[in-house]
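Trainee: Supplied structure: model37.txt, compact mmCIF, C-alpha atoms.
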```txt
# COMPACT_ATOMS: atom_id res chain seq x y z
CA MET A 1 8.89 6.79 13.79
CA ILE A 2 11.05 8.71 11.32
CA ALA A 3 14.57 7.36 10.98
CA LEU A 4 17.63 6.56 8.95
CA THR A 5 19.25 3.29 9.94
CA GLN A 6 22.36 1.28 9.16
CA GLU A 7 20.58 -1.95 10.17
CA VAL A 8 18.20 -4.25 8.32
CA ILE A 9 14.77 -2.64 8.71
CA ASP A 10 12.47 -4.47 11.13
CA VAL A 11 9.27 -4.01 9.15
CA ASP A 12 6.98 -5.32 11.90
CA ALA A 13 8.46 -2.88 14.40
CA VAL A 14 7.91 0.01 12.00
CA VAL A 15 4.30 -1.03 11.32
CA ASP A 16 3.59 -1.45 15.03
CA THR A 17 4.31 2.25 15.56
CA VAL A 18 1.27 3.16 13.42
CA ARG A 19 -1.15 0.47 14.63
CA ARG A 20 -4.08 1.26 16.89
CA ASP A 21 -7.53 -0.16 17.50
CA ALA A 22 -9.21 2.67 15.66
CA ALA A 23 -7.40 2.06 12.41
CA GLY A 24 -9.45 0.86 9.47
CA ALA A 25 -6.57 0.43 7.03
CA VAL A 26 -2.87 -0.22 7.42
CA LEU A 27 -0.73 0.08 4.30
CA VAL A 28 2.96 -0.82 4.20
CA PHE A 29 5.24 0.07 1.31
CA GLU A 30 8.66 -1.54 1.02
CA GLY A 31 11.18 -0.53 -1.63
CA VAL A 32 13.37 -3.56 -2.27
CA THR A 33 16.69 -3.86 -4.05
CA ARG A 34 16.13 -5.21 -7.53
CA ASP A 35 18.40 -7.82 -9.05
CA THR A 36 18.69 -6.26 -12.48
CA HIS A 37 18.72 -2.82 -13.98
CA ASP A 38 19.16 -2.28 -17.68
CA GLY A 39 20.29 -5.88 -17.91
CA ARG A 40 23.30 -5.46 -15.61
CA GLY A 41 23.31 -7.57 -12.48
CA VAL A 42 23.15 -5.49 -9.30
CA ILE A 43 25.31 -6.96 -6.52
CA ARG A 44 24.33 -4.49 -3.84
CA LEU A 45 23.27 -0.93 -3.20
CA GLU A 46 25.03 1.71 -1.15
CA TYR A 47 23.00 4.57 0.28
CA GLU A 48 24.32 7.79 1.72
CA ALA A 49 22.45 10.78 3.10
CA TYR A 50 22.83 14.36 4.23
CA GLY A 51 21.74 12.96 7.56
CA GLN A 52 20.30 15.84 9.57
CA MET A 53 18.61 17.44 6.58
CA ALA A 54 17.27 14.08 5.37
CA GLU A 55 15.63 13.43 8.73
CA ALA A 56 14.20 16.95 8.76
CA GLU A 57 12.79 16.48 5.25
CA LEU A 58 11.26 13.13 6.22
CA LYS A 59 9.62 14.79 9.21
CA ALA A 60 8.33 17.58 6.96
CA ILE A 61 6.82 15.00 4.59
CA ALA A 62 5.13 13.23 7.50
CA ALA A 63 3.78 16.55 8.81
CA ASP A 64 2.50 17.51 5.34
CA ALA A 65 0.75 14.14 5.08
CA VAL A 66 -0.89 14.43 8.50
CA ALA A 67 -2.10 17.94 7.60
CA GLN A 68 -3.57 16.66 4.37
CA TRP A 69 -5.12 13.45 5.77
CA PRO A 70 -6.29 14.08 9.35
CA GLY A 71 -6.09 11.01 11.56
CA LEU A 72 -3.16 9.63 9.60
CA ARG A 73 -0.35 7.88 11.43
CA ILE A 74 2.84 7.47 9.44
CA ALA A 75 6.30 5.97 9.92
CA ILE A 76 9.19 6.22 7.46
CA VAL A 77 12.50 4.37 7.83
CA HIS A 78 15.27 4.47 5.21
CA ARG A 79 18.35 2.24 5.13
CA MET A 80 21.84 3.73 4.89
CA GLY A 81 25.09 2.08 3.85
CA LEU A 82 25.24 -1.32 2.20
CA VAL A 83 21.91 -2.93 1.29
CA GLY A 84 21.87 -6.48 0.00
CA LEU A 85 19.63 -8.02 -2.65
CA GLY A 86 16.07 -8.55 -1.51
CA GLU A 87 16.44 -6.22 1.48
CA ALA A 88 14.19 -3.20 1.91
CA SER A 89 15.85 0.17 1.35
CA VAL A 90 12.79 2.04 2.59
CA VAL A 91 9.65 1.18 4.55
CA ILE A 92 6.65 3.52 4.78
CA ALA A 93 3.80 2.44 7.05
CA VAL A 94 0.54 4.36 7.35
CA SER A 95 -2.72 3.79 9.15
CA THR A 96 -5.96 5.64 8.47
CA PRO A 97 -9.64 5.19 9.27
CA HIS A 98 -10.50 4.57 5.61
CA ARG A 99 -8.46 2.99 2.85
CA ASP A 100 -8.67 5.89 0.38
CA ALA A 101 -6.46 8.01 2.61
CA ALA A 102 -4.04 5.15 3.24
CA TYR A 103 -3.30 4.70 -0.46
CA SER A 104 -3.12 8.44 -1.12
CA ALA A 105 -0.89 9.23 1.84
CA SER A 106 1.47 6.32 1.24
CA ARG A 107 1.87 7.28 -2.39
CA PHE A 108 2.38 10.93 -1.48
CA ALA A 109 5.11 10.02 0.99
CA ILE A 110 7.17 7.80 -1.31
CA ASP A 111 6.84 10.24 -4.21
CA ALA A 112 7.89 13.17 -2.01
CA LEU A 113 10.76 11.20 -0.51
CA LYS A 114 12.18 10.53 -3.95
CA VAL A 115 12.21 14.17 -5.01
CA ARG A 116 13.17 16.07 -1.85
CA VAL A 117 14.96 13.92 0.74
CA PRO A 118 18.75 14.20 0.33
CA ILE A 119 19.63 10.52 -0.06
CA TRP A 120 21.80 9.02 -2.77
CA LYS A 121 22.07 5.50 -4.14
CA LYS A 122 25.04 3.80 -5.73
CA GLU A 123 24.30 0.63 -7.67
CA VAL A 124 27.24 -1.74 -7.58
CA TYR A 125 27.54 -4.20 -10.47
CA ALA A 126 30.01 -6.99 -11.15
CA ASP A 127 31.75 -4.64 -13.59
CA GLY A 128 31.49 -1.25 -11.92
CA SER A 129 29.11 1.09 -10.18
CA VAL A 130 26.94 4.13 -10.85
CA TRP A 131 25.15 6.78 -8.81
CA LYS A 132 21.55 6.13 -9.72
CA ALA A 133 19.15 9.06 -9.84
CA ASN A 134 15.41 8.74 -9.38
CA ALA A 135 13.26 9.41 -12.42
CA GLY A 136 10.99 12.44 -12.28
CA GLY A 137 11.35 15.53 -10.16
CA ILE A 138 13.54 18.49 -10.92
CA HIS A 139 16.52 16.19 -11.32
CA GLU A 140 15.07 14.45 -14.37
CA PRO A 141 17.87 14.15 -16.93
CA GLY A 142 17.63 17.06 -19.32
CA SER A 143 15.68 19.30 -16.97
CA MET B 1 -1.60 -17.61 -1.73
CA ILE B 2 -5.36 -17.13 -1.94
CA ALA B 3 -7.21 -18.27 1.17
CA LEU B 4 -9.99 -17.89 3.69
CA THR B 5 -8.87 -18.69 7.22
CA GLN B 6 -10.36 -19.07 10.67
CA GLU B 7 -7.01 -18.18 12.27
CA VAL B 8 -5.31 -14.86 13.00
CA ILE B 9 -3.62 -13.89 9.72
CA ASP B 10 0.17 -14.29 9.77
CA VAL B 11 0.97 -11.17 7.75
CA ASP B 12 4.67 -11.95 7.36
CA ALA B 13 3.86 -15.40 5.98
CA VAL B 14 1.46 -13.87 3.46
CA VAL B 15 3.99 -11.26 2.37
CA ASP B 16 6.74 -13.86 2.04
CA THR B 17 4.71 -15.61 -0.67
CA VAL B 18 5.08 -12.56 -2.95
CA ARG B 19 8.71 -11.67 -2.16
CA ARG B 20 11.50 -12.31 -4.64
CA ASP B 21 14.83 -10.74 -5.44
CA ALA B 22 13.48 -9.10 -8.58
CA ALA B 23 10.77 -7.13 -6.80
CA GLY B 24 11.13 -3.37 -6.72
CA ALA B 25 8.09 -2.67 -4.57
CA VAL B 26 6.18 -4.67 -2.00
CA LEU B 27 2.86 -3.22 -0.82
CA VAL B 28 0.82 -4.74 1.98
CA PHE B 29 -2.76 -3.73 2.72
CA GLU B 30 -4.40 -4.76 5.99
CA GLY B 31 -8.03 -4.12 6.77
CA VAL B 32 -8.33 -3.89 10.54
CA THR B 33 -11.40 -4.01 12.78
CA ARG B 34 -12.33 -0.52 13.83
CA ASP B 35 -13.41 0.28 17.36
CA THR B 36 -16.27 2.58 16.53
CA HIS B 37 -18.83 2.93 13.79
CA ASP B 38 -21.46 5.64 13.88
CA GLY B 39 -20.54 6.19 17.51
CA ARG B 40 -21.45 2.68 18.69
CA GLY B 41 -18.67 0.61 20.22
CA VAL B 42 -17.80 -2.45 18.15
CA ILE B 43 -16.96 -5.45 20.36
CA ARG B 44 -16.05 -7.81 17.56
CA LEU B 45 -16.77 -8.73 13.97
CA GLU B 46 -18.09 -12.00 12.63
CA TYR B 47 -17.39 -12.90 9.01
CA GLU B 48 -19.06 -15.59 6.98
CA ALA B 49 -18.56 -16.56 3.34
CA TYR B 50 -19.96 -18.61 0.52
CA GLY B 51 -16.69 -20.47 0.81
CA GLN B 52 -16.06 -22.15 -2.53
CA MET B 53 -17.38 -19.25 -4.55
CA ALA B 54 -15.49 -16.71 -2.43
CA GLU B 55 -12.21 -18.50 -3.09
CA ALA B 56 -13.02 -18.74 -6.79
CA GLU B 57 -13.78 -15.00 -6.91
CA LEU B 58 -10.55 -14.17 -5.07
CA LYS B 59 -8.62 -16.27 -7.59
CA ALA B 60 -10.40 -14.48 -10.43
CA ILE B 61 -9.43 -11.09 -8.96
CA ALA B 62 -5.81 -12.22 -8.68
CA ALA B 63 -5.85 -13.48 -12.27
CA ASP B 64 -7.40 -10.23 -13.51
CA ALA B 65 -4.70 -8.26 -11.68
CA VAL B 66 -1.85 -10.34 -13.11
CA ALA B 67 -3.29 -9.92 -16.59
CA GLN B 68 -3.48 -6.16 -16.12
CA TRP B 69 -0.06 -5.72 -14.44
CA PRO B 70 2.38 -8.27 -15.88
CA GLY B 71 5.01 -9.39 -13.42
CA LEU B 72 2.67 -8.87 -10.48
CA ARG B 73 2.69 -11.33 -7.61
CA ILE B 74 -0.32 -11.17 -5.33
CA ALA B 75 -1.61 -12.90 -2.21
CA ILE B 76 -5.03 -12.37 -0.61
CA VAL B 77 -6.10 -13.85 2.73
CA HIS B 78 -9.44 -13.09 4.40
CA ARG B 79 -10.43 -13.98 7.97
CA MET B 80 -13.63 -15.91 8.70
CA GLY B 81 -15.55 -16.25 11.95
CA LEU B 82 -14.85 -14.08 14.97
CA VAL B 83 -12.35 -11.26 14.52
CA GLY B 84 -11.27 -9.24 17.54
CA LEU B 85 -10.49 -5.54 17.75
CA GLY B 86 -7.23 -4.58 16.12
CA GLU B 87 -6.97 -7.82 14.17
CA ALA B 88 -6.74 -7.86 10.39
CA SER B 89 -9.83 -9.08 8.57
CA VAL B 90 -8.04 -9.06 5.22
CA VAL B 91 -4.44 -8.89 4.02
CA ILE B 92 -3.49 -8.20 0.42
CA ALA B 93 0.21 -8.37 -0.46
CA VAL B 94 1.59 -7.49 -3.88
CA SER B 95 5.04 -7.21 -5.36
CA THR B 96 5.89 -5.51 -8.64
CA PRO B 97 9.02 -4.24 -10.41
CA HIS B 98 7.83 -0.62 -10.09
CA ARG B 99 5.74 1.07 -7.42
CA ASP B 100 3.06 2.45 -9.76
CA ALA B 101 1.80 -1.04 -10.46
CA ALA B 102 1.95 -2.03 -6.78
CA TYR B 103 -0.38 0.79 -5.71
CA SER B 104 -2.74 0.28 -8.66
CA ALA B 105 -2.96 -3.49 -8.30
CA SER B 106 -3.41 -3.41 -4.53
CA ARG B 107 -6.17 -0.85 -4.82
CA PHE B 108 -7.83 -2.81 -7.62
CA ALA B 109 -7.81 -5.99 -5.53
CA ILE B 110 -9.35 -4.53 -2.37
CA ASP B 111 -11.97 -2.60 -4.36
CA ALA B 112 -12.91 -5.70 -6.36
CA LEU B 113 -13.00 -7.85 -3.24
CA LYS B 114 -15.52 -5.54 -1.63
CA VAL B 115 -17.95 -5.62 -4.56
CA ARG B 116 -17.76 -9.20 -5.83
CA VAL B 117 -16.45 -11.68 -3.25
CA PRO B 118 -19.34 -13.29 -1.33
CA ILE B 119 -18.30 -12.47 2.23
CA TRP B 120 -20.50 -10.93 4.90
CA LYS B 121 -19.69 -9.02 8.06
CA LYS B 122 -21.71 -8.75 11.25
CA GLU B 123 -20.73 -5.95 13.60
CA VAL B 124 -21.43 -6.88 17.20
CA TYR B 125 -22.02 -3.99 19.64
CA ALA B 126 -22.64 -3.97 23.35
CA ASP B 127 -26.33 -3.41 22.57
CA GLY B 128 -26.91 -5.57 19.50
CA SER B 129 -25.51 -6.39 16.09
CA VAL B 130 -25.97 -5.54 12.43
CA TRP B 131 -24.98 -7.02 9.09
CA LYS B 132 -22.77 -4.29 7.69
CA ALA B 133 -22.71 -3.75 3.93
CA ASN B 134 -19.80 -2.19 2.09
CA ALA B 135 -20.39 1.22 0.57
CA GLY B 136 -20.32 1.46 -3.21
CA GLY B 137 -20.93 -1.25 -5.76
CA ILE B 138 -24.29 -2.49 -6.93
CA HIS B 139 -25.33 -3.04 -3.33
CA GLU B 140 -25.22 0.64 -2.48
CA PRO B 141 -28.37 1.48 -0.49
CA GLY B 142 -30.96 2.83 -2.86
CA SER B 143 -29.47 1.30 -5.99
CA MET C 1 33.83 35.13 5.42
CA GLN C 2 33.82 31.44 6.31
CA VAL C 3 31.29 28.84 5.17
CA SER C 4 31.24 25.08 5.68
CA VAL C 5 30.53 23.04 2.56
CA PHE C 6 29.23 19.46 2.31
CA TYR C 7 29.64 17.15 -0.69
CA PHE C 8 27.68 13.99 -1.44
CA ALA C 9 27.72 11.08 -3.86
CA MET C 10 29.56 11.87 -7.12
CA LEU C 11 30.38 15.38 -5.92
CA ARG C 12 32.06 13.94 -2.83
CA GLU C 13 34.02 11.52 -4.99
CA GLN C 14 35.06 14.25 -7.44
CA ARG C 15 36.03 16.67 -4.68
CA GLY C 16 37.83 13.90 -2.81
CA ARG C 17 36.30 14.92 0.53
CA ALA C 18 32.94 15.01 2.31
CA ASP C 19 33.21 18.54 3.73
CA GLU C 20 35.49 21.49 4.18
CA SER C 21 35.56 25.04 5.50
CA LEU C 22 36.07 27.68 2.82
CA HIS C 23 36.77 31.38 2.82
CA VAL C 24 34.53 33.16 0.30
CA GLU C 25 33.94 36.79 -0.71
CA ALA C 26 30.89 38.55 0.70
CA GLY C 27 28.05 38.72 -1.82
CA LEU C 28 28.76 35.32 -3.34
CA THR C 29 25.69 33.25 -4.19
CA VAL C 30 25.42 29.53 -3.51
CA GLY C 31 25.26 28.92 -7.27
CA GLY C 32 28.35 31.05 -7.72
CA LEU C 33 30.23 29.00 -5.14
CA TYR C 34 29.27 25.79 -6.95
CA GLU C 35 30.62 27.18 -10.23
CA GLN C 36 33.88 28.19 -8.57
CA ILE C 37 34.41 24.72 -7.17
CA PHE C 38 33.12 22.51 -9.99
CA ALA C 39 33.28 24.68 -13.14
CA ALA C 40 36.21 22.77 -14.53
CA GLY C 41 34.59 19.37 -14.10
CA SER C 42 32.29 17.60 -16.54
CA ILE C 43 30.02 17.25 -13.56
CA GLY C 44 29.14 20.92 -13.94
CA ALA C 45 26.40 20.09 -16.43
CA MET C 46 24.46 18.00 -13.91
CA SER C 47 21.22 19.27 -12.44
CA ILE C 48 21.99 20.46 -8.91
CA MET C 49 19.89 21.61 -5.97
CA TYR C 50 21.29 23.81 -3.23
CA ALA C 51 20.76 23.74 0.51
CA VAL C 52 21.88 26.42 2.96
CA ASN C 53 21.56 25.64 6.65
CA GLN C 54 19.70 22.46 5.67
CA SER C 55 16.93 24.13 3.70
CA TYR C 56 16.61 24.16 -0.07
CA VAL C 57 17.39 27.53 -1.67
CA SER C 58 17.67 28.78 -5.23
CA ALA C 59 21.00 29.25 -6.99
CA ASP C 60 20.92 33.02 -6.45
CA HIS C 61 20.70 32.71 -2.64
CA MET C 62 23.40 34.94 -1.13
CA LEU C 63 25.76 33.33 1.35
CA ALA C 64 26.32 34.65 4.87
CA GLU C 65 29.00 34.17 7.52
CA ASN C 66 29.09 30.61 8.95
CA ASP C 67 26.49 29.26 6.53
CA GLU C 68 26.33 25.49 6.12
CA VAL C 69 26.22 24.90 2.38
CA ALA C 70 25.37 21.62 0.65
CA PHE C 71 25.30 20.78 -3.03
CA ILE C 72 22.57 18.25 -3.74
CA PRO C 73 23.17 16.09 -6.81
CA PRO C 74 20.30 14.03 -8.31
CA LEU C 75 18.55 12.14 -5.53
CA GLY C 76 18.35 8.37 -5.27
CA GLY C 77 16.36 7.71 -2.12
CA GLY C 78 13.50 5.23 -2.02
CA MET D 1 -37.08 -30.40 -10.60
CA GLN D 2 -34.69 -30.19 -7.62
CA VAL D 3 -32.34 -27.32 -6.80
CA SER D 4 -30.16 -26.75 -3.77
CA VAL D 5 -30.37 -23.29 -2.24
CA PHE D 6 -27.85 -21.51 0.01
CA TYR D 7 -28.65 -18.64 2.38
CA PHE D 8 -26.18 -16.23 3.96
CA ALA D 9 -26.09 -13.48 6.58
CA MET D 10 -29.53 -11.91 7.21
CA LEU D 11 -31.16 -14.20 4.66
CA ARG D 12 -29.85 -17.24 6.54
CA GLU D 13 -31.15 -15.80 9.80
CA GLN D 14 -34.54 -14.99 8.31
CA ARG D 15 -34.88 -18.38 6.64
CA GLY D 16 -33.65 -20.13 9.77
CA ARG D 17 -31.29 -22.39 7.85
CA ALA D 18 -28.11 -22.21 5.77
CA ASP D 19 -29.25 -24.41 2.88
CA GLU D 20 -31.99 -26.71 1.68
CA SER D 21 -33.09 -28.77 -1.30
CA LEU D 22 -36.25 -27.46 -3.00
CA HIS D 23 -38.57 -28.79 -5.68
CA VAL D 24 -39.38 -26.02 -8.19
CA GLU D 25 -41.34 -25.85 -11.45
CA ALA D 26 -39.44 -25.94 -14.74
CA GLY D 27 -39.04 -22.47 -16.26
CA LEU D 28 -38.65 -20.69 -12.92
CA THR D 29 -36.04 -17.93 -12.83
CA VAL D 30 -33.62 -17.38 -9.97
CA GLY D 31 -35.28 -14.04 -9.25
CA GLY D 32 -38.67 -15.77 -9.25
CA LEU D 33 -37.45 -18.30 -6.73
CA TYR D 34 -36.19 -15.51 -4.47
CA GLU D 35 -39.59 -13.82 -4.61
CA GLN D 36 -41.36 -17.07 -3.76
CA ILE D 37 -39.19 -17.59 -0.70
CA PHE D 38 -38.79 -14.05 0.63
CA ALA D 39 -41.71 -12.06 -0.86
CA ALA D 40 -43.51 -11.84 2.44
CA GLY D 41 -40.48 -10.55 4.32
CA SER D 42 -39.42 -6.92 4.68
CA ILE D 43 -36.04 -8.16 3.48
CA GLY D 44 -37.53 -8.44 -0.01
CA ALA D 45 -36.72 -4.79 -0.67
CA MET D 46 -32.98 -5.32 -0.18
CA SER D 47 -30.62 -5.25 -3.15
CA ILE D 48 -29.78 -8.87 -3.96
CA MET D 49 -27.33 -10.57 -6.32
CA TYR D 50 -27.87 -14.11 -7.56
CA ALA D 51 -25.40 -16.92 -8.09
CA VAL D 52 -26.10 -20.18 -9.88
CA ASN D 53 -23.46 -22.88 -9.71
CA GLN D 54 -21.16 -20.33 -8.04
CA SER D 55 -21.26 -17.75 -10.82
CA TYR D 56 -23.16 -14.47 -10.72
CA VAL D 57 -26.25 -14.42 -12.94
CA SER D 58 -29.04 -11.92 -13.54
CA ALA D 59 -32.47 -12.25 -11.92
CA ASP D 60 -33.99 -13.65 -15.13
CA HIS D 61 -31.57 -16.59 -15.31
CA MET D 62 -33.65 -19.77 -15.76
CA LEU D 63 -33.03 -22.58 -13.30
CA ALA D 64 -32.11 -26.10 -14.36
CA GLU D 65 -32.20 -29.50 -12.67
CA ASN D 66 -29.68 -29.81 -9.81
CA ASP D 67 -28.61 -26.17 -9.93
CA GLU D 68 -26.83 -24.78 -6.88
CA VAL D 69 -28.54 -21.47 -6.14
CA ALA D 70 -27.29 -18.78 -3.78
CA PHE D 71 -28.89 -15.48 -2.84
CA ILE D 72 -26.19 -12.88 -2.23
CA PRO D 73 -27.21 -10.07 0.13
CA PRO D 74 -25.11 -6.87 0.36
CA LEU D 75 -21.45 -7.81 0.71
CA GLY D 76 -19.29 -6.96 3.71
CA GLY D 77 -15.87 -8.41 2.90
CA GLY D 78 -12.68 -6.42 3.34
```
Do you think you could lay out the structure here as C-alpha cells?
Mentor:
Amino acid sequence: MIALTQEVIDVDAVVDTVRRDAAGAVLVFEGVTRDTHDGRGVIRLEYEAYGQMAEAELKAIAADAVAQWPGLRIAIVHRMGLVGLGEASVVIAVSTPHRDAAYSASRFAIDALKVRVPIWKKEVYADGSVWKANAGGIHEPGS
Amino acid sequence: MIALTQEVIDVDAVVDTVRRDAAGAVLVFEGVTRDTHDGRGVIRLEYEAYGQMAEAELKAIAADAVAQWPGLRIAIVHRMGLVGLGEASVVIAVSTPHRDAAYSASRFAIDALKVRVPIWKKEVYADGSVWKANAGGIHEPGS
Amino acid sequence: MQVSVFYFAMLREQRGRADESLHVEAGLTVGGLYEQIFAAGSIGAMSIMYAVNQSYVSADHMLAENDEVAFIPPLGGG
Amino acid sequence: MQVSVFYFAMLREQRGRADESLHVEAGLTVGGLYEQIFAAGSIGAMSIMYAVNQSYVSADHMLAENDEVAFIPPLGGG
C-alpha cells in the first residue's frame, strides 16, 4: 500500500498490508504532529503534494527498499491537507524475516521520503504560519 | 507499561501508553512467530520466564533507555505460554521528539531484551520441539 | 512552444496560482524559466529542485514542447 | 545452609522440577552448585548464566543462607 490520503491514517489497516505468517519482525514508524517548535505553539499542520509525482517517488522508494532487502514488505501512507495535533502525518510499516532489515529499511524509507518526495508542510501557529523545510538533504539552508 | 502477559498482545493499547501530543516519532516493533526455521514447519511457540526477574530486567532496560535518550517514552510487553503463528511474541513501543532517538532506543531495547531478560522459547514442530536460543550475546554457541 | 508549469507551497502563494500554461522560447532551460518567473522575488535565493514530466532534472535541462514543469521548493514531508 | 533453586527450559525438563530447596555447604559457589547438580548430564557443556536473588552474578559468587538461585540457560526472548 502506497498512498496519499486526506483522511486520518488507519494505522492498523496499513500494518495489516505487510503482515504475513512468515514475518519475523514488523516495524511501524509514525510521524506525529508536535505541539511545539522553537517555542511557538503549533495549532495544526497543512500538507500539500505534487500528487502524481509524490506517489511515483514513494513507489520508487519502496522498490529501492525491496531491491536492497529481499523479502521486505513495505507500506507508506502520507496525510494531505489539515492534520491535527497528535495525528500521524506519515505511517511506514515494514515486515522482514529478521529485525536488522526491518530497522534498516524503515529508516531508509523515512529518510528518503524526506529528501525526495514532493510534499510540503505548513506549520500554523496562533500568530502566523511558515512553510517548514526538512533538515538535511540538498535543501538544507545554505546549501 | 512493562509487562509479561499470557494473552494476545493488544498492540494499540501498548502504543497508546507512549503517545502524547509532544511526540515527533512513534516506533513500534513487533516480533512475530515465523512459520519456518531451518526448513522445519513451526506449529507454535511456547515461552516461559523467570517472571519476577524478567520484569525487573525489562524495567532496567527501559530505565537505561530513558537515561540515554531523554524524553523517551517506552513500553515493552512480552507474551508467555503458547503463541500461535502470526501472533506477536513481543511488542516494543517508543515515542521520542525526533526519529533518530526512536530508532536507536527501539533497537537498543530489543537487542538488550534478547541478551539479558530471562525468557525462553520452545519451538514446536510437527516432529518434535527444541529450546531455541537467540543468536549473539554471551550465550552464542561456542562462547 | 507551450509548457505547463506547477507551483507549490510558498511558490504557489507568491505566484498566486497552482499552475498555468506558458509560451516559452525554444532552447530555454528549466532553471532559466525559473529565473524568468521568480527573479524579481526574494524567493529567488531559495534552494530549488526541478522536475520535468515528474522526474527530477538539473537546472540546465532543456525544455521541450508540452513539457510538464514543476518547481520544487524545500520539502517538508514526513 | 538452605538455598532455593529455580530451573528453566531444558534445565527444568532435565531436573524434572521447576524449583526446590537444597541444603548446601557454606562456601559453595553458584557455579559449584550447578556442577554438583548437572555435572553428570550432557547439558553441563551448555553456556550458563547465574542469578542470585534475581541479579546476574559470576560463577564464583559465593552462596549465602536463604539465597534464591537460578540457572539461566541460553535465552530465547524476543
Trainee: Report as a PyMOL selection string the set of chain B residues whose atoms approach chain C to within 12 Å, with distances computed over all atoms listed in the file.
Mentor: chain B and resi 24-25+98-99
Trainee: Counting only C-alpha atoms, a student should be able to say which residues of chain A come within 7 Å of chain B; what is the right answer, written as a list in words?
Mentor: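 Result, ordered by chain then number: Arg20, Asp21, Ala22, Ala23, Gly24, Ala25, Val26, Leu27, Val28, Phe29, Glu30, Gly31, Val32, Thr33, Arg34, Asp35, Leu85 and Gly86 of chain A.
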Trainee: Could you state the separation of atom CA of A:Gly51 and atom CA of A:Ala13 in Å, given to one decimal place?
Mentor: 21.8 Å
Trainee: Would you superpose chain D on chain C, least squares on all C-alpha atoms in order, and hand back the fitted chain as an mmCIF file with C-alpha atoms, in the coordinates of the input?
Mentor:
```
data_model
loop_
_atom_site.group_PDB
_atom_site.id
_atom_site.type_symbol
_atom_site.label_atom_id
_atom_site.label_comp_id
_atom_site.auth_asym_id
_atom_site.auth_seq_id
_atom_site.Cartn_x
_atom_site.Cartn_y
_atom_site.Cartn_z
ATOM 1 C CA MET D 1 33.848 35.137 5.383
ATOM 2 C CA GLN D 2 33.817 31.424 6.304
ATOM 3 C CA VAL D 3 31.286 28.830 5.167
ATOM 4 C CA SER D 4 31.244 25.088 5.670
ATOM 5 C CA VAL D 5 30.517 23.035 2.569
ATOM 6 C CA PHE D 6 29.212 19.455 2.319
ATOM 7 C CA TYR D 7 29.640 17.156 -0.686
ATOM 8 C CA PHE D 8 27.681 13.993 -1.434
ATOM 9 C CA ALA D 9 27.716 11.073 -3.865
ATOM 10 C CA MET D 10 29.574 11.868 -7.122
ATOM 11 C CA LEU D 11 30.373 15.383 -5.932
ATOM 12 C CA ARG D 12 32.062 13.958 -2.832
ATOM 13 C CA GLU D 13 34.029 11.543 -4.998
ATOM 14 C CA GLN D 14 35.048 14.262 -7.435
ATOM 15 C CA ARG D 15 36.028 16.687 -4.686
ATOM 16 C CA GLY D 16 37.826 13.936 -2.796
ATOM 17 C CA ARG D 17 36.309 14.925 0.534
ATOM 18 C CA ALA D 18 32.946 15.006 2.310
ATOM 19 C CA ASP D 19 33.185 18.533 3.723
ATOM 20 C CA GLU D 20 35.480 21.489 4.201
ATOM 21 C CA SER D 21 35.573 25.034 5.528
ATOM 22 C CA LEU D 22 36.074 27.682 2.821
ATOM 23 C CA HIS D 23 36.782 31.402 2.843
ATOM 24 C CA VAL D 24 34.544 33.166 0.292
ATOM 25 C CA GLU D 25 33.944 36.797 -0.684
ATOM 26 C CA ALA D 26 30.891 38.588 0.698
ATOM 27 C CA GLY D 27 28.052 38.749 -1.837
ATOM 28 C CA LEU D 28 28.771 35.334 -3.353
ATOM 29 C CA THR D 29 25.715 33.241 -4.199
ATOM 30 C CA VAL D 30 25.428 29.524 -3.533
ATOM 31 C CA GLY D 31 25.273 28.898 -7.277
ATOM 32 C CA GLY D 32 28.386 31.041 -7.724
ATOM 33 C CA LEU D 33 30.238 29.001 -5.146
ATOM 34 C CA TYR D 34 29.275 25.783 -6.933
ATOM 35 C CA GLU D 35 30.617 27.164 -10.208
ATOM 36 C CA GLN D 36 33.883 28.186 -8.563
ATOM 37 C CA ILE D 37 34.406 24.706 -7.165
ATOM 38 C CA PHE D 38 33.122 22.493 -9.978
ATOM 39 C CA ALA D 39 33.243 24.672 -13.131
ATOM 40 C CA ALA D 40 36.170 22.789 -14.567
ATOM 41 C CA GLY D 41 34.564 19.386 -14.100
ATOM 42 C CA SER D 42 32.256 17.621 -16.547
ATOM 43 C CA ILE D 43 29.956 17.241 -13.552
ATOM 44 C CA GLY D 44 29.139 20.943 -13.877
ATOM 45 C CA ALA D 45 26.418 20.141 -16.401
ATOM 46 C CA MET D 46 24.469 18.001 -13.925
ATOM 47 C CA SER D 47 21.209 19.256 -12.445
ATOM 48 C CA ILE D 48 21.998 20.440 -8.917
ATOM 49 C CA MET D 49 19.898 21.602 -5.968
ATOM 50 C CA TYR D 50 21.325 23.811 -3.239
ATOM 51 C CA ALA D 51 20.784 23.738 0.500
ATOM 52 C CA VAL D 52 21.871 26.409 2.951
ATOM 53 C CA ASN D 53 21.554 25.644 6.639
ATOM 54 C CA GLN D 54 19.689 22.455 5.674
ATOM 55 C CA SER D 55 16.922 24.136 3.695
ATOM 56 C CA TYR D 56 16.611 24.158 -0.084
ATOM 57 C CA VAL D 57 17.401 27.526 -1.668
ATOM 58 C CA SER D 58 17.679 28.773 -5.240
ATOM 59 C CA ALA D 59 21.026 29.236 -6.995
ATOM 60 C CA ASP D 60 20.942 33.011 -6.430
ATOM 61 C CA HIS D 61 20.694 32.707 -2.638
ATOM 62 C CA MET D 62 23.406 34.941 -1.123
ATOM 63 C CA LEU D 63 25.763 33.323 1.359
ATOM 64 C CA ALA D 64 26.310 34.647 4.868
ATOM 65 C CA GLU D 65 29.002 34.173 7.504
ATOM 66 C CA ASN D 66 29.077 30.628 8.938
ATOM 67 C CA ASP D 67 26.489 29.253 6.525
ATOM 68 C CA GLU D 68 26.316 25.483 6.125
ATOM 69 C CA VAL D 69 26.221 24.873 2.378
ATOM 70 C CA ALA D 70 25.369 21.602 0.660
ATOM 71 C CA PHE D 71 25.317 20.775 -3.034
ATOM 72 C CA ILE D 72 22.570 18.248 -3.737
ATOM 73 C CA PRO D 73 23.168 16.083 -6.813
ATOM 74 C CA PRO D 74 20.310 14.016 -8.317
ATOM 75 C CA LEU D 75 18.539 12.138 -5.535
ATOM 76 C CA GLY D 76 18.354 8.358 -5.273
ATOM 77 C CA GLY D 77 16.350 7.690 -2.112
ATOM 78 C CA GLY D 78 13.486 5.217 -2.025
#
```
